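> The structure file query.pdb (PDB, N, CA and C atoms) is provided below.
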```pdb
ATOM      1  N   MET C   1       0.848  -1.174   0.000
ATOM      2  CA  MET C   1       0.000   0.000   0.000
ATOM      3  C   MET C   1       0.897   1.241   0.000
ATOM      4  N   GLN C   2       0.568   2.195  -0.837
ATOM      5  CA  GLN C   2       1.316   3.440  -0.927
ATOM      6  C   GLN C   2       0.742   4.470   0.042
ATOM      7  N   THR C   3       1.595   5.106   0.832
ATOM      8  CA  THR C   3       1.147   6.129   1.767
ATOM      9  C   THR C   3       1.901   7.423   1.527
ATOM     10  N   ALA C   4       2.064   7.771   0.283
ATOM     11  CA  ALA C   4       2.865   8.937  -0.084
ATOM     12  C   ALA C   4       2.281  10.249   0.414
ATOM     13  N   PHE C   5       1.014  10.283   0.739
ATOM     14  CA  PHE C   5       0.391  11.546   1.103
ATOM     15  C   PHE C   5       0.018  11.619   2.582
ATOM     16  N   SER C   6       0.822  10.999   3.431
ATOM     17  CA  SER C   6       0.581  11.101   4.862
ATOM     18  C   SER C   6       1.559  12.072   5.522
ATOM     19  N   ARG C   7       2.278  12.826   4.736
ATOM     20  CA  ARG C   7       3.260  13.776   5.250
ATOM     21  C   ARG C   7       2.602  15.122   5.537
ATOM     22  N   PRO C   8       3.074  15.838   6.561
ATOM     23  CA  PRO C   8       2.473  17.142   6.898
ATOM     24  C   PRO C   8       2.481  18.132   5.735
ATOM     25  N   GLN C   9       3.497  18.088   4.889
ATOM     26  CA  GLN C   9       3.558  19.044   3.776
ATOM     27  C   GLN C   9       2.484  18.772   2.717
ATOM     28  N   ASP C  10       1.782  17.668   2.846
ATOM     29  CA  ASP C  10       0.698  17.348   1.919
ATOM     30  C   ASP C  10      -0.661  17.726   2.489
ATOM     31  N   HIS C  11      -0.644  18.510   3.567
ATOM     32  CA  HIS C  11      -1.874  18.998   4.196
ATOM     33  C   HIS C  11      -1.868  20.524   4.207
ATOM     34  N   PHE C  12      -3.038  21.082   4.135
ATOM     35  CA  PHE C  12      -3.225  22.527   4.092
ATOM     36  C   PHE C  12      -4.064  22.949   5.294
ATOM     37  N   ALA C  13      -3.686  24.051   5.911
ATOM     38  CA  ALA C  13      -4.492  24.613   6.997
ATOM     39  C   ALA C  13      -4.376  26.125   6.948
ATOM     40  N   ALA C  14      -5.500  26.804   6.981
ATOM     41  CA  ALA C  14      -5.513  28.268   6.985
ATOM     42  C   ALA C  14      -6.661  28.740   7.859
ATOM     43  N   MET C  15      -6.441  29.868   8.493
ATOM     44  CA  MET C  15      -7.470  30.481   9.327
ATOM     45  C   MET C  15      -7.708  31.900   8.831
ATOM     46  N   ALA C  16      -8.930  32.375   8.973
ATOM     47  CA  ALA C  16      -9.280  33.747   8.608
ATOM     48  C   ALA C  16      -9.553  34.529   9.884
ATOM     49  N   GLU C  17      -8.977  35.709   9.947
ATOM     50  CA  GLU C  17      -9.194  36.607  11.076
ATOM     51  C   GLU C  17      -9.773  37.917  10.571
ATOM     52  N   ILE C  18     -10.654  38.473  11.366
ATOM     53  CA  ILE C  18     -11.185  39.815  11.105
ATOM     54  C   ILE C  18     -11.121  40.555  12.432
ATOM     55  N   GLY C  19     -10.403  41.651  12.439
ATOM     56  CA  GLY C  19     -10.266  42.434  13.664
ATOM     57  C   GLY C  19      -9.657  41.655  14.811
ATOM     58  N   GLY C  20      -8.731  40.750  14.508
ATOM     59  CA  GLY C  20      -8.091  39.949  15.538
ATOM     60  C   GLY C  20      -8.907  38.770  16.022
ATOM     61  N   GLU C  21     -10.098  38.565  15.465
ATOM     62  CA  GLU C  21     -10.980  37.464  15.849
ATOM     63  C   GLU C  21     -10.922  36.358  14.801
ATOM     64  N   LEU C  22     -10.740  35.119  15.250
ATOM     65  CA  LEU C  22     -10.771  33.973  14.349
ATOM     66  C   LEU C  22     -12.207  33.771  13.883
ATOM     67  N   VAL C  23     -12.425  33.846  12.561
ATOM     68  CA  VAL C  23     -13.788  33.743  12.038
ATOM     69  C   VAL C  23     -13.989  32.549  11.107
ATOM     70  N   GLY C  24     -12.904  31.859  10.724
ATOM     71  CA  GLY C  24     -13.064  30.726   9.834
ATOM     72  C   GLY C  24     -11.781  29.951   9.641
ATOM     73  N   TYR C  25     -11.930  28.780   9.040
ATOM     74  CA  TYR C  25     -10.771  27.940   8.732
ATOM     75  C   TYR C  25     -11.072  27.085   7.510
ATOM     76  N   LEU C  26     -10.014  26.610   6.892
ATOM     77  CA  LEU C  26     -10.125  25.648   5.805
ATOM     78  C   LEU C  26      -8.960  24.684   5.951
ATOM     79  N   GLY C  27      -9.268  23.409   6.001
ATOM     80  CA  GLY C  27      -8.243  22.364   6.030
ATOM     81  C   GLY C  27      -8.388  21.517   4.788
ATOM     82  N   GLY C  28      -7.274  21.072   4.240
ATOM     83  CA  GLY C  28      -7.315  20.252   3.040
ATOM     84  C   GLY C  28      -6.120  19.322   2.969
ATOM     85  N   ALA C  29      -6.115  18.474   1.971
ATOM     86  CA  ALA C  29      -5.039  17.507   1.804
ATOM     87  C   ALA C  29      -4.898  17.126   0.339
ATOM     88  N   LEU C  30      -3.751  16.554   0.033
ATOM     89  CA  LEU C  30      -3.500  16.001  -1.291
ATOM     90  C   LEU C  30      -3.741  14.501  -1.253
ATOM     91  N   GLY C  31      -4.164  13.984  -2.368
ATOM     92  CA  GLY C  31      -4.339  12.540  -2.514
ATOM     93  C   GLY C  31      -4.208  12.206  -3.982
ATOM     94  N   THR C  32      -4.323  10.944  -4.308
ATOM     95  CA  THR C  32      -4.304  10.533  -5.711
ATOM     96  C   THR C  32      -5.661   9.930  -6.055
ATOM     97  N   TYR C  33      -5.963   9.941  -7.324
ATOM     98  CA  TYR C  33      -7.176   9.301  -7.811
ATOM     99  C   TYR C  33      -7.013   7.780  -7.666
ATOM    100  N   PRO C  34      -8.113   7.038  -7.536
ATOM    101  CA  PRO C  34      -7.986   5.582  -7.400
ATOM    102  C   PRO C  34      -7.517   4.898  -8.681
ATOM    103  N   PHE C  35      -7.563   5.600  -9.816
ATOM    104  CA  PHE C  35      -7.269   4.981 -11.097
ATOM    105  C   PHE C  35      -5.992   5.500 -11.765
ATOM    106  N   CYS C  36      -5.276   6.433 -11.128
ATOM    107  CA  CYS C  36      -4.029   6.946 -11.705
ATOM    108  C   CYS C  36      -3.225   7.643 -10.606
ATOM    109  N   ASP C  37      -2.054   8.129 -10.963
ATOM    110  CA  ASP C  37      -1.179   8.771  -9.981
ATOM    111  C   ASP C  37      -1.279  10.289  -9.971
ATOM    112  N   GLU C  38      -2.251  10.860 -10.664
ATOM    113  CA  GLU C  38      -2.428  12.313 -10.658
ATOM    114  C   GLU C  38      -2.841  12.781  -9.264
ATOM    115  N   ILE C  39      -2.434  13.993  -8.914
ATOM    116  CA  ILE C  39      -2.696  14.540  -7.584
ATOM    117  C   ILE C  39      -4.011  15.319  -7.573
ATOM    118  N   LEU C  40      -4.777  15.106  -6.531
ATOM    119  CA  LEU C  40      -6.048  15.784  -6.295
ATOM    120  C   LEU C  40      -5.968  16.482  -4.945
ATOM    121  N   ALA C  41      -6.400  17.724  -4.864
ATOM    122  CA  ALA C  41      -6.486  18.443  -3.592
ATOM    123  C   ALA C  41      -7.952  18.503  -3.185
ATOM    124  N   HIS C  42      -8.237  18.161  -1.940
ATOM    125  CA  HIS C  42      -9.625  18.163  -1.471
ATOM    126  C   HIS C  42      -9.690  18.759  -0.071
ATOM    127  N   ASP C  43     -10.848  19.316   0.244
ATOM    128  CA  ASP C  43     -11.022  19.909   1.575
ATOM    129  C   ASP C  43     -11.320  18.840   2.609
ATOM    130  N   LEU C  44     -10.898  19.114   3.829
ATOM    131  CA  LEU C  44     -11.206  18.253   4.976
ATOM    132  C   LEU C  44     -12.224  18.930   5.879
ATOM    133  N   GLY C  45     -12.268  20.234   5.824
ATOM    134  CA  GLY C  45     -13.210  21.010   6.616
ATOM    135  C   GLY C  45     -13.113  22.467   6.230
ATOM    136  N   PHE C  46     -14.259  23.126   6.114
ATOM    137  CA  PHE C  46     -14.314  24.528   5.695
ATOM    138  C   PHE C  46     -15.453  25.162   6.472
ATOM    139  N   TYR C  47     -15.132  26.170   7.280
ATOM    140  CA  TYR C  47     -16.158  26.803   8.104
ATOM    141  C   TYR C  47     -15.856  28.285   8.245
ATOM    142  N   VAL C  48     -16.912  29.086   8.142
ATOM    143  CA  VAL C  48     -16.841  30.520   8.442
ATOM    144  C   VAL C  48     -18.034  30.821   9.343
ATOM    145  N   ALA C  49     -17.777  31.541  10.437
ATOM    146  CA  ALA C  49     -18.833  31.879  11.392
ATOM    147  C   ALA C  49     -19.979  32.591  10.672
ATOM    148  N   PRO C  50     -21.221  32.284  11.038
ATOM    149  CA  PRO C  50     -22.379  32.850  10.337
ATOM    150  C   PRO C  50     -22.348  34.365  10.183
ATOM    151  N   GLU C  51     -21.923  35.080  11.199
ATOM    152  CA  GLU C  51     -21.919  36.544  11.119
ATOM    153  C   GLU C  51     -20.847  37.100  10.182
ATOM    154  N   HIS C  52     -19.981  36.232   9.647
ATOM    155  CA  HIS C  52     -18.923  36.679   8.737
ATOM    156  C   HIS C  52     -19.027  36.034   7.349
ATOM    157  N   ARG C  53     -20.123  35.386   7.079
ATOM    158  CA  ARG C  53     -20.261  34.679   5.795
ATOM    159  C   ARG C  53     -20.444  35.610   4.617
ATOM    160  N   ARG C  54     -20.760  36.852   4.848
ATOM    161  CA  ARG C  54     -20.873  37.814   3.745
ATOM    162  C   ARG C  54     -19.607  38.665   3.630
ATOM    163  N   SER C  55     -18.593  38.342   4.438
ATOM    164  CA  SER C  55     -17.306  39.043   4.366
ATOM    165  C   SER C  55     -16.438  38.353   3.309
ATOM    166  N   SER C  56     -15.211  38.785   3.198
ATOM    167  CA  SER C  56     -14.280  38.187   2.241
ATOM    168  C   SER C  56     -13.574  36.959   2.801
ATOM    169  N   ALA C  57     -13.878  36.554   4.044
ATOM    170  CA  ALA C  57     -13.153  35.466   4.697
ATOM    171  C   ALA C  57     -13.196  34.165   3.909
ATOM    172  N   ALA C  58     -14.373  33.717   3.502
ATOM    173  CA  ALA C  58     -14.501  32.442   2.782
ATOM    174  C   ALA C  58     -13.763  32.490   1.451
ATOM    175  N   ALA C  59     -13.895  33.575   0.725
ATOM    176  CA  ALA C  59     -13.215  33.685  -0.573
ATOM    177  C   ALA C  59     -11.701  33.681  -0.388
ATOM    178  N   ARG C  60     -11.206  34.377   0.633
ATOM    179  CA  ARG C  60      -9.761  34.397   0.880
ATOM    180  C   ARG C  60      -9.251  33.001   1.219
ATOM    181  N   LEU C  61      -9.979  32.272   2.045
ATOM    182  CA  LEU C  61      -9.577  30.912   2.397
ATOM    183  C   LEU C  61      -9.584  30.000   1.173
ATOM    184  N   ALA C  62     -10.652  30.042   0.386
ATOM    185  CA  ALA C  62     -10.761  29.181  -0.789
ATOM    186  C   ALA C  62      -9.676  29.505  -1.812
ATOM    187  N   ARG C  63      -9.420  30.788  -2.045
ATOM    188  CA  ARG C  63      -8.379  31.163  -3.009
ATOM    189  C   ARG C  63      -6.992  30.730  -2.539
ATOM    190  N   ALA C  64      -6.746  30.810  -1.241
ATOM    191  CA  ALA C  64      -5.464  30.354  -0.694
ATOM    192  C   ALA C  64      -5.309  28.847  -0.895
ATOM    193  N   PHE C  65      -6.397  28.101  -0.707
ATOM    194  CA  PHE C  65      -6.354  26.653  -0.903
ATOM    195  C   PHE C  65      -6.093  26.301  -2.363
ATOM    196  N   VAL C  66      -6.764  26.970  -3.272
ATOM    197  CA  VAL C  66      -6.570  26.717  -4.701
ATOM    198  C   VAL C  66      -5.130  27.059  -5.098
ATOM    199  N   ALA C  67      -4.605  28.168  -4.609
ATOM    200  CA  ALA C  67      -3.219  28.549  -4.926
ATOM    201  C   ALA C  67      -2.243  27.509  -4.386
ATOM    202  N   TRP C  68      -2.471  27.026  -3.173
ATOM    203  CA  TRP C  68      -1.620  25.995  -2.585
ATOM    204  C   TRP C  68      -1.668  24.724  -3.431
ATOM    205  N   ALA C  69      -2.878  24.305  -3.822
ATOM    206  CA  ALA C  69      -3.047  23.098  -4.634
ATOM    207  C   ALA C  69      -2.308  23.236  -5.965
ATOM    208  N   ARG C  70      -2.423  24.383  -6.584
ATOM    209  CA  ARG C  70      -1.717  24.634  -7.846
ATOM    210  C   ARG C  70      -0.209  24.536  -7.633
ATOM    211  N   HIS C  71       0.288  25.167  -6.582
ATOM    212  CA  HIS C  71       1.721  25.132  -6.259
ATOM    213  C   HIS C  71       2.211  23.699  -6.016
ATOM    214  N   LYS C  72       1.364  22.853  -5.435
ATOM    215  CA  LYS C  72       1.712  21.465  -5.147
ATOM    216  C   LYS C  72       1.579  20.551  -6.364
ATOM    217  N   GLY C  73       1.116  21.098  -7.496
ATOM    218  CA  GLY C  73       1.012  20.304  -8.719
ATOM    219  C   GLY C  73      -0.264  19.498  -8.849
ATOM    220  N   ALA C  74      -1.295  19.863  -8.101
ATOM    221  CA  ALA C  74      -2.567  19.134  -8.191
ATOM    222  C   ALA C  74      -3.202  19.323  -9.556
ATOM    223  N   ARG C  75      -3.811  18.280 -10.047
ATOM    224  CA  ARG C  75      -4.534  18.340 -11.321
ATOM    225  C   ARG C  75      -5.882  19.026 -11.130
ATOM    226  N   GLU C  76      -6.503  18.767  -9.984
ATOM    227  CA  GLU C  76      -7.815  19.345  -9.674
ATOM    228  C   GLU C  76      -7.891  19.682  -8.194
ATOM    229  N   VAL C  77      -8.857  20.537  -7.878
ATOM    230  CA  VAL C  77      -9.175  20.858  -6.493
ATOM    231  C   VAL C  77     -10.663  20.602  -6.298
ATOM    232  N   GLN C  78     -11.003  20.057  -5.134
ATOM    233  CA  GLN C  78     -12.411  19.790  -4.813
ATOM    234  C   GLN C  78     -12.766  20.465  -3.497
ATOM    235  N   LEU C  79     -13.885  21.156  -3.488
ATOM    236  CA  LEU C  79     -14.491  21.689  -2.279
ATOM    237  C   LEU C  79     -15.899  21.117  -2.221
ATOM    238  N   ALA C  80     -16.259  20.542  -1.098
ATOM    239  CA  ALA C  80     -17.546  19.860  -0.981
ATOM    240  C   ALA C  80     -18.529  20.653  -0.129
ATOM    241  N   VAL C  81     -19.803  20.358  -0.323
ATOM    242  CA  VAL C  81     -20.868  20.854   0.548
ATOM    243  C   VAL C  81     -21.499  19.605   1.145
ATOM    244  N   SER C  82     -21.022  19.217   2.320
ATOM    245  CA  SER C  82     -21.500  17.970   2.914
ATOM    246  C   SER C  82     -22.363  18.177   4.146
ATOM    247  N   SER C  83     -22.592  19.417   4.535
ATOM    248  CA  SER C  83     -23.387  19.695   5.735
ATOM    249  C   SER C  83     -24.884  19.572   5.491
ATOM    250  N   GLY C  84     -25.299  19.741   4.249
ATOM    251  CA  GLY C  84     -26.728  19.765   3.944
ATOM    252  C   GLY C  84     -27.368  21.107   4.253
ATOM    253  N   VAL C  85     -26.584  22.093   4.658
ATOM    254  CA  VAL C  85     -27.074  23.421   5.014
ATOM    255  C   VAL C  85     -26.671  24.414   3.923
ATOM    256  N   ASP C  86     -27.625  25.201   3.454
ATOM    257  CA  ASP C  86     -27.361  26.235   2.443
ATOM    258  C   ASP C  86     -26.617  25.692   1.224
ATOM    259  N   VAL C  87     -26.979  24.510   0.789
ATOM    260  CA  VAL C  87     -26.276  23.830  -0.301
ATOM    261  C   VAL C  87     -26.249  24.676  -1.572
ATOM    262  N   GLU C  88     -27.381  25.255  -1.948
ATOM    263  CA  GLU C  88     -27.440  26.043  -3.186
ATOM    264  C   GLU C  88     -26.589  27.302  -3.075
ATOM    265  N   ARG C  89     -26.645  27.976  -1.934
ATOM    266  CA  ARG C  89     -25.870  29.208  -1.747
ATOM    267  C   ARG C  89     -24.369  28.916  -1.768
ATOM    268  N   ILE C  90     -23.956  27.868  -1.088
ATOM    269  CA  ILE C  90     -22.534  27.516  -1.072
ATOM    270  C   ILE C  90     -22.093  27.049  -2.454
ATOM    271  N   GLY C  91     -22.937  26.287  -3.125
ATOM    272  CA  GLY C  91     -22.624  25.854  -4.489
ATOM    273  C   GLY C  91     -22.444  27.036  -5.422
ATOM    274  N   ALA C  92     -23.304  28.019  -5.306
ATOM    275  CA  ALA C  92     -23.178  29.226  -6.146
ATOM    276  C   ALA C  92     -21.883  29.964  -5.827
ATOM    277  N   PHE C  93     -21.500  30.014  -4.554
ATOM    278  CA  PHE C  93     -20.232  30.629  -4.149
ATOM    279  C   PHE C  93     -19.062  29.899  -4.799
ATOM    280  N   TYR C  94     -19.059  28.564  -4.732
ATOM    281  CA  TYR C  94     -17.985  27.786  -5.353
ATOM    282  C   TYR C  94     -17.934  28.020  -6.857
ATOM    283  N   GLU C  95     -19.089  28.101  -7.496
ATOM    284  CA  GLU C  95     -19.127  28.348  -8.943
ATOM    285  C   GLU C  95     -18.565  29.719  -9.277
ATOM    286  N   ARG C  96     -18.829  30.735  -8.433
ATOM    287  CA  ARG C  96     -18.237  32.060  -8.670
ATOM    288  C   ARG C  96     -16.713  32.015  -8.569
ATOM    289  N   LEU C  97     -16.197  31.057  -7.816
ATOM    290  CA  LEU C  97     -14.748  30.887  -7.697
ATOM    291  C   LEU C  97     -14.159  30.065  -8.838
ATOM    292  N   GLY C  98     -15.025  29.561  -9.743
ATOM    293  CA  GLY C  98     -14.550  28.813 -10.900
ATOM    294  C   GLY C  98     -14.660  27.306 -10.788
ATOM    295  N   LEU C  99     -15.279  26.797  -9.724
ATOM    296  CA  LEU C  99     -15.457  25.356  -9.580
ATOM    297  C   LEU C  99     -16.760  24.937 -10.255
ATOM    298  N   ASN C 100     -16.832  23.686 -10.663
ATOM    299  CA  ASN C 100     -18.022  23.140 -11.320
ATOM    300  C   ASN C 100     -18.643  22.062 -10.449
ATOM    301  N   LYS C 101     -19.979  21.995 -10.446
ATOM    302  CA  LYS C 101     -20.684  20.966  -9.698
ATOM    303  C   LYS C 101     -20.501  19.620 -10.392
ATOM    304  N   VAL C 102     -20.121  18.607  -9.587
ATOM    305  CA  VAL C 102     -19.945  17.254 -10.109
ATOM    306  C   VAL C 102     -20.544  16.289  -9.093
ATOM    307  N   GLY C 103     -21.549  15.534  -9.495
ATOM    308  CA  GLY C 103     -22.101  14.500  -8.629
ATOM    309  C   GLY C 103     -22.881  15.015  -7.436
ATOM    310  N   GLY C 104     -22.908  14.206  -6.397
ATOM    311  CA  GLY C 104     -23.634  14.541  -5.182
ATOM    312  C   GLY C 104     -23.170  13.651  -4.051
ATOM    313  N   ILE C 105     -23.653  13.937  -2.872
ATOM    314  CA  ILE C 105     -23.314  13.147  -1.696
ATOM    315  C   ILE C 105     -24.595  12.486  -1.206
ATOM    316  N   TYR C 106     -24.523  11.202  -0.930
ATOM    317  CA  TYR C 106     -25.668  10.456  -0.417
ATOM    318  C   TYR C 106     -25.278   9.878   0.934
ATOM    319  N   ARG C 107     -26.185   9.993   1.895
ATOM    320  CA  ARG C 107     -25.852   9.654   3.269
ATOM    321  C   ARG C 107     -26.951   8.804   3.887
ATOM    322  N   ALA C 108     -26.567   7.900   4.771
ATOM    323  CA  ALA C 108     -27.521   7.104   5.549
ATOM    324  C   ALA C 108     -27.077   7.123   7.004
ATOM    325  N   SER C 109     -28.001   7.355   7.904
ATOM    326  CA  SER C 109     -27.708   7.331   9.325
ATOM    327  C   SER C 109     -27.514   5.891   9.777
ATOM    328  N   LEU C 110     -26.515   5.667  10.612
ATOM    329  CA  LEU C 110     -26.258   4.315  11.122
ATOM    330  C   LEU C 110     -26.606   4.200  12.596
ATOM    331  N   ARG C 111     -27.313   5.170  13.131
ATOM    332  CA  ARG C 111     -27.742   5.146  14.534
ATOM    333  C   ARG C 111     -29.229   5.288  14.643
TER     334      ARG C 111
END
```
Let me see the structure of the file written as structure tokens.


Amino acid sequence: MQTAFSRPQDHFAAMAEIGGELVGYLGGALGTYPFCDEILAHDLGFYVAPEHRRSSAAARLARAFVAWARHKGAREVQLAVSSGVDVERIGAFYERLGLNKVGGIYRASLR
């Protein structure tokens, strides 16, 4: 089994501050596709406090992640909407950043 992407330099972490207050974060990582060795960058968690969602915080975090992924040689970057909250609004935000909608997430409760 190959574990080439378990190194700290293959992970991304950024925080957004406004007026000295932490208002958001974005974590991501590099991985490979299951069918080839091309690099894919994907988010692990992306959050901006509700009172700052109309600020530039989310866009700054997303652009920093995309720039990092490009610098690392990723073929693609993925940002997901897995919370089920404000899916259309977040999707429209991602599209304004140049991302395209692909597929969907399906979930089943196990409790």

> What lies within 12 Å of C:Arg54 using only C-alpha atoms, ignoring chain neighbours under 5 positions off, as an MDAnalysis selection string?

chainID C and resid 23 48:49 59:60 89:90 93

> Would you write out, as a PyMOL selection string, every residue that the PyMOL selection byres ((chain C and resi 30) around 6) captures in this file?

chain C and resi 5+10-11+28-29+31-32+40-42

> Those residues you just picked out, can you put them in a file as a JSON list (two decimals), in the coordinates of the input with N, CA and C atoms?


```json
[["chain", "number", "residue", "atom", "x", "y", "z"],
["C", 5, "PHE", "N", 1.01, 10.28, 0.74],
["C", 5, "PHE", "CA", 0.39, 11.55, 1.10],
["C", 5, "PHE", "C", 0.02, 11.62, 2.58],
["C", 10, "ASP", "N", 1.78, 17.67, 2.85],
["C", 10, "ASP", "CA", 0.70, 17.35, 1.92],
["C", 10, "ASP", "C", -0.66, 17.73, 2.49],
["C", 11, "HIS", "N", -0.64, 18.51, 3.57],
["C", 11, "HIS", "CA", -1.87, 19.00, 4.20],
["C", 11, "HIS", "C", -1.87, 20.52, 4.21],
["C", 28, "GLY", "N", -7.27, 21.07, 4.24],
["C", 28, "GLY", "CA", -7.32, 20.25, 3.04],
["C", 28, "GLY", "C", -6.12, 19.32, 2.97],
["C", 29, "ALA", "N", -6.12, 18.47, 1.97],
["C", 29, "ALA", "CA", -5.04, 17.51, 1.80],
["C", 29, "ALA", "C", -4.90, 17.13, 0.34],
["C", 31, "GLY", "N", -4.16, 13.98, -2.37],
["C", 31, "GLY", "CA", -4.34, 12.54, -2.51],
["C", 31, "GLY", "C", -4.21, 12.21, -3.98],
["C", 32, "THR", "N", -4.32, 10.94, -4.31],
["C", 32, "THR", "CA", -4.30, 10.53, -5.71],
["C", 32, "THR", "C", -5.66, 9.93, -6.06],
["C", 40, "LEU", "N", -4.78, 15.11, -6.53],
["C", 40, "LEU", "CA", -6.05, 15.78, -6.30],
["C", 40, "LEU", "C", -5.97, 16.48, -4.94],
["C", 41, "ALA", "N", -6.40, 17.72, -4.86],
["C", 41, "ALA", "CA", -6.49, 18.44, -3.59],
["C", 41, "ALA", "C", -7.95, 18.50, -3.18],
["C", 42, "HIS", "N", -8.24, 18.16, -1.94],
["C", 42, "HIS", "CA", -9.62, 18.16, -1.47],
["C", 42, "HIS", "C", -9.69, 18.76, -0.07]]
```

> On this structure, the PyMOL selection byres (((chain C and resi 25 and name CA) around 9) and name CA) would catch which residues? List them as a tab-separated table (two decimals) with N, CA and C atoms, in the frame of the given file, sorted by chain and number.


```tsv
chain	number	residue	atom	x	y	z
C	13	ALA	N	-3.69	24.05	5.91
C	13	ALA	CA	-4.49	24.61	7.00
C	13	ALA	C	-4.38	26.12	6.95
C	14	ALA	N	-5.50	26.80	6.98
C	14	ALA	CA	-5.51	28.27	6.98
C	14	ALA	C	-6.66	28.74	7.86
C	15	MET	N	-6.44	29.87	8.49
C	15	MET	CA	-7.47	30.48	9.33
C	15	MET	C	-7.71	31.90	8.83
C	16	ALA	N	-8.93	32.38	8.97
C	16	ALA	CA	-9.28	33.75	8.61
C	16	ALA	C	-9.55	34.53	9.88
C	22	LEU	N	-10.74	35.12	15.25
C	22	LEU	CA	-10.77	33.97	14.35
C	22	LEU	C	-12.21	33.77	13.88
C	23	VAL	N	-12.42	33.85	12.56
C	23	VAL	CA	-13.79	33.74	12.04
C	23	VAL	C	-13.99	32.55	11.11
C	24	GLY	N	-12.90	31.86	10.72
C	24	GLY	CA	-13.06	30.73	9.83
C	24	GLY	C	-11.78	29.95	9.64
C	26	LEU	N	-10.01	26.61	6.89
C	26	LEU	CA	-10.12	25.65	5.80
C	26	LEU	C	-8.96	24.68	5.95
C	27	GLY	N	-9.27	23.41	6.00
C	27	GLY	CA	-8.24	22.36	6.03
C	27	GLY	C	-8.39	21.52	4.79
C	45	GLY	N	-12.27	20.23	5.82
C	45	GLY	CA	-13.21	21.01	6.62
C	45	GLY	C	-13.11	22.47	6.23
C	46	PHE	N	-14.26	23.13	6.11
C	46	PHE	CA	-14.31	24.53	5.70
C	46	PHE	C	-15.45	25.16	6.47
C	47	TYR	N	-15.13	26.17	7.28
C	47	TYR	CA	-16.16	26.80	8.10
C	47	TYR	C	-15.86	28.28	8.24
C	48	VAL	N	-16.91	29.09	8.14
C	48	VAL	CA	-16.84	30.52	8.44
C	48	VAL	C	-18.03	30.82	9.34
C	57	ALA	N	-13.88	36.55	4.04
C	57	ALA	CA	-13.15	35.47	4.70
C	57	ALA	C	-13.20	34.16	3.91
C	58	ALA	N	-14.37	33.72	3.50
C	58	ALA	CA	-14.50	32.44	2.78
C	58	ALA	C	-13.76	32.49	1.45
C	61	LEU	N	-9.98	32.27	2.04
C	61	LEU	CA	-9.58	30.91	2.40
C	61	LEU	C	-9.58	30.00	1.17
```

> Can you list every residue in chain C that DSSP puts in alpha helix (DSSP H), as number ranges by chain?

C: 57-71, 87-96

> Grab the residues selected above and save them as a CSV table (one decimal), in the coordinates of the input with N, CA and C atoms.


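So the final result, stored in again35.csv, reads:
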```
chain,number,residue,atom,x,y,z
C,57,ALA,N,-13.9,36.6,4.0
C,57,ALA,CA,-13.2,35.5,4.7
C,57,ALA,C,-13.2,34.2,3.9
C,58,ALA,N,-14.4,33.7,3.5
C,58,ALA,CA,-14.5,32.4,2.8
C,58,ALA,C,-13.8,32.5,1.5
C,59,ALA,N,-13.9,33.6,0.7
C,59,ALA,CA,-13.2,33.7,-0.6
C,59,ALA,C,-11.7,33.7,-0.4
C,60,ARG,N,-11.2,34.4,0.6
C,60,ARG,CA,-9.8,34.4,0.9
C,60,ARG,C,-9.3,33.0,1.2
C,61,LEU,N,-10.0,32.3,2.0
C,61,LEU,CA,-9.6,30.9,2.4
C,61,LEU,C,-9.6,30.0,1.2
C,62,ALA,N,-10.7,30.0,0.4
C,62,ALA,CA,-10.8,29.2,-0.8
C,62,ALA,C,-9.7,29.5,-1.8
C,63,ARG,N,-9.4,30.8,-2.0
C,63,ARG,CA,-8.4,31.2,-3.0
C,63,ARG,C,-7.0,30.7,-2.5
C,64,ALA,N,-6.7,30.8,-1.2
C,64,ALA,CA,-5.5,30.4,-0.7
C,64,ALA,C,-5.3,28.8,-0.9
C,65,PHE,N,-6.4,28.1,-0.7
C,65,PHE,CA,-6.4,26.7,-0.9
C,65,PHE,C,-6.1,26.3,-2.4
C,66,VAL,N,-6.8,27.0,-3.3
C,66,VAL,CA,-6.6,26.7,-4.7
C,66,VAL,C,-5.1,27.1,-5.1
C,67,ALA,N,-4.6,28.2,-4.6
C,67,ALA,CA,-3.2,28.5,-4.9
C,67,ALA,C,-2.2,27.5,-4.4
C,68,TRP,N,-2.5,27.0,-3.2
C,68,TRP,CA,-1.6,26.0,-2.6
C,68,TRP,C,-1.7,24.7,-3.4
C,69,ALA,N,-2.9,24.3,-3.8
C,69,ALA,CA,-3.0,23.1,-4.6
C,69,ALA,C,-2.3,23.2,-6.0
C,70,ARG,N,-2.4,24.4,-6.6
C,70,ARG,CA,-1.7,24.6,-7.8
C,70,ARG,C,-0.2,24.5,-7.6
C,71,HIS,N,0.3,25.2,-6.6
C,71,HIS,CA,1.7,25.1,-6.3
C,71,HIS,C,2.2,23.7,-6.0
C,87,VAL,N,-27.0,24.5,0.8
C,87,VAL,CA,-26.3,23.8,-0.3
C,87,VAL,C,-26.2,24.7,-1.6
C,88,GLU,N,-27.4,25.3,-1.9
C,88,GLU,CA,-27.4,26.0,-3.2
C,88,GLU,C,-26.6,27.3,-3.1
C,89,ARG,N,-26.6,28.0,-1.9
C,89,ARG,CA,-25.9,29.2,-1.7
C,89,ARG,C,-24.4,28.9,-1.8
C,90,ILE,N,-24.0,27.9,-1.1
C,90,ILE,CA,-22.5,27.5,-1.1
C,90,ILE,C,-22.1,27.0,-2.5
C,91,GLY,N,-22.9,26.3,-3.1
C,91,GLY,CA,-22.6,25.9,-4.5
C,91,GLY,C,-22.4,27.0,-5.4
C,92,ALA,N,-23.3,28.0,-5.3
C,92,ALA,CA,-23.2,29.2,-6.1
C,92,ALA,C,-21.9,30.0,-5.8
C,93,PHE,N,-21.5,30.0,-4.6
C,93,PHE,CA,-20.2,30.6,-4.1
C,93,PHE,C,-19.1,29.9,-4.8
C,94,TYR,N,-19.1,28.6,-4.7
C,94,TYR,CA,-18.0,27.8,-5.4
C,94,TYR,C,-17.9,28.0,-6.9
C,95,GLU,N,-19.1,28.1,-7.5
C,95,GLU,CA,-19.1,28.3,-8.9
C,95,GLU,C,-18.6,29.7,-9.3
C,96,ARG,N,-18.8,30.7,-8.4
C,96,ARG,CA,-18.2,32.1,-8.7
C,96,ARG,C,-16.7,32.0,-8.6
```
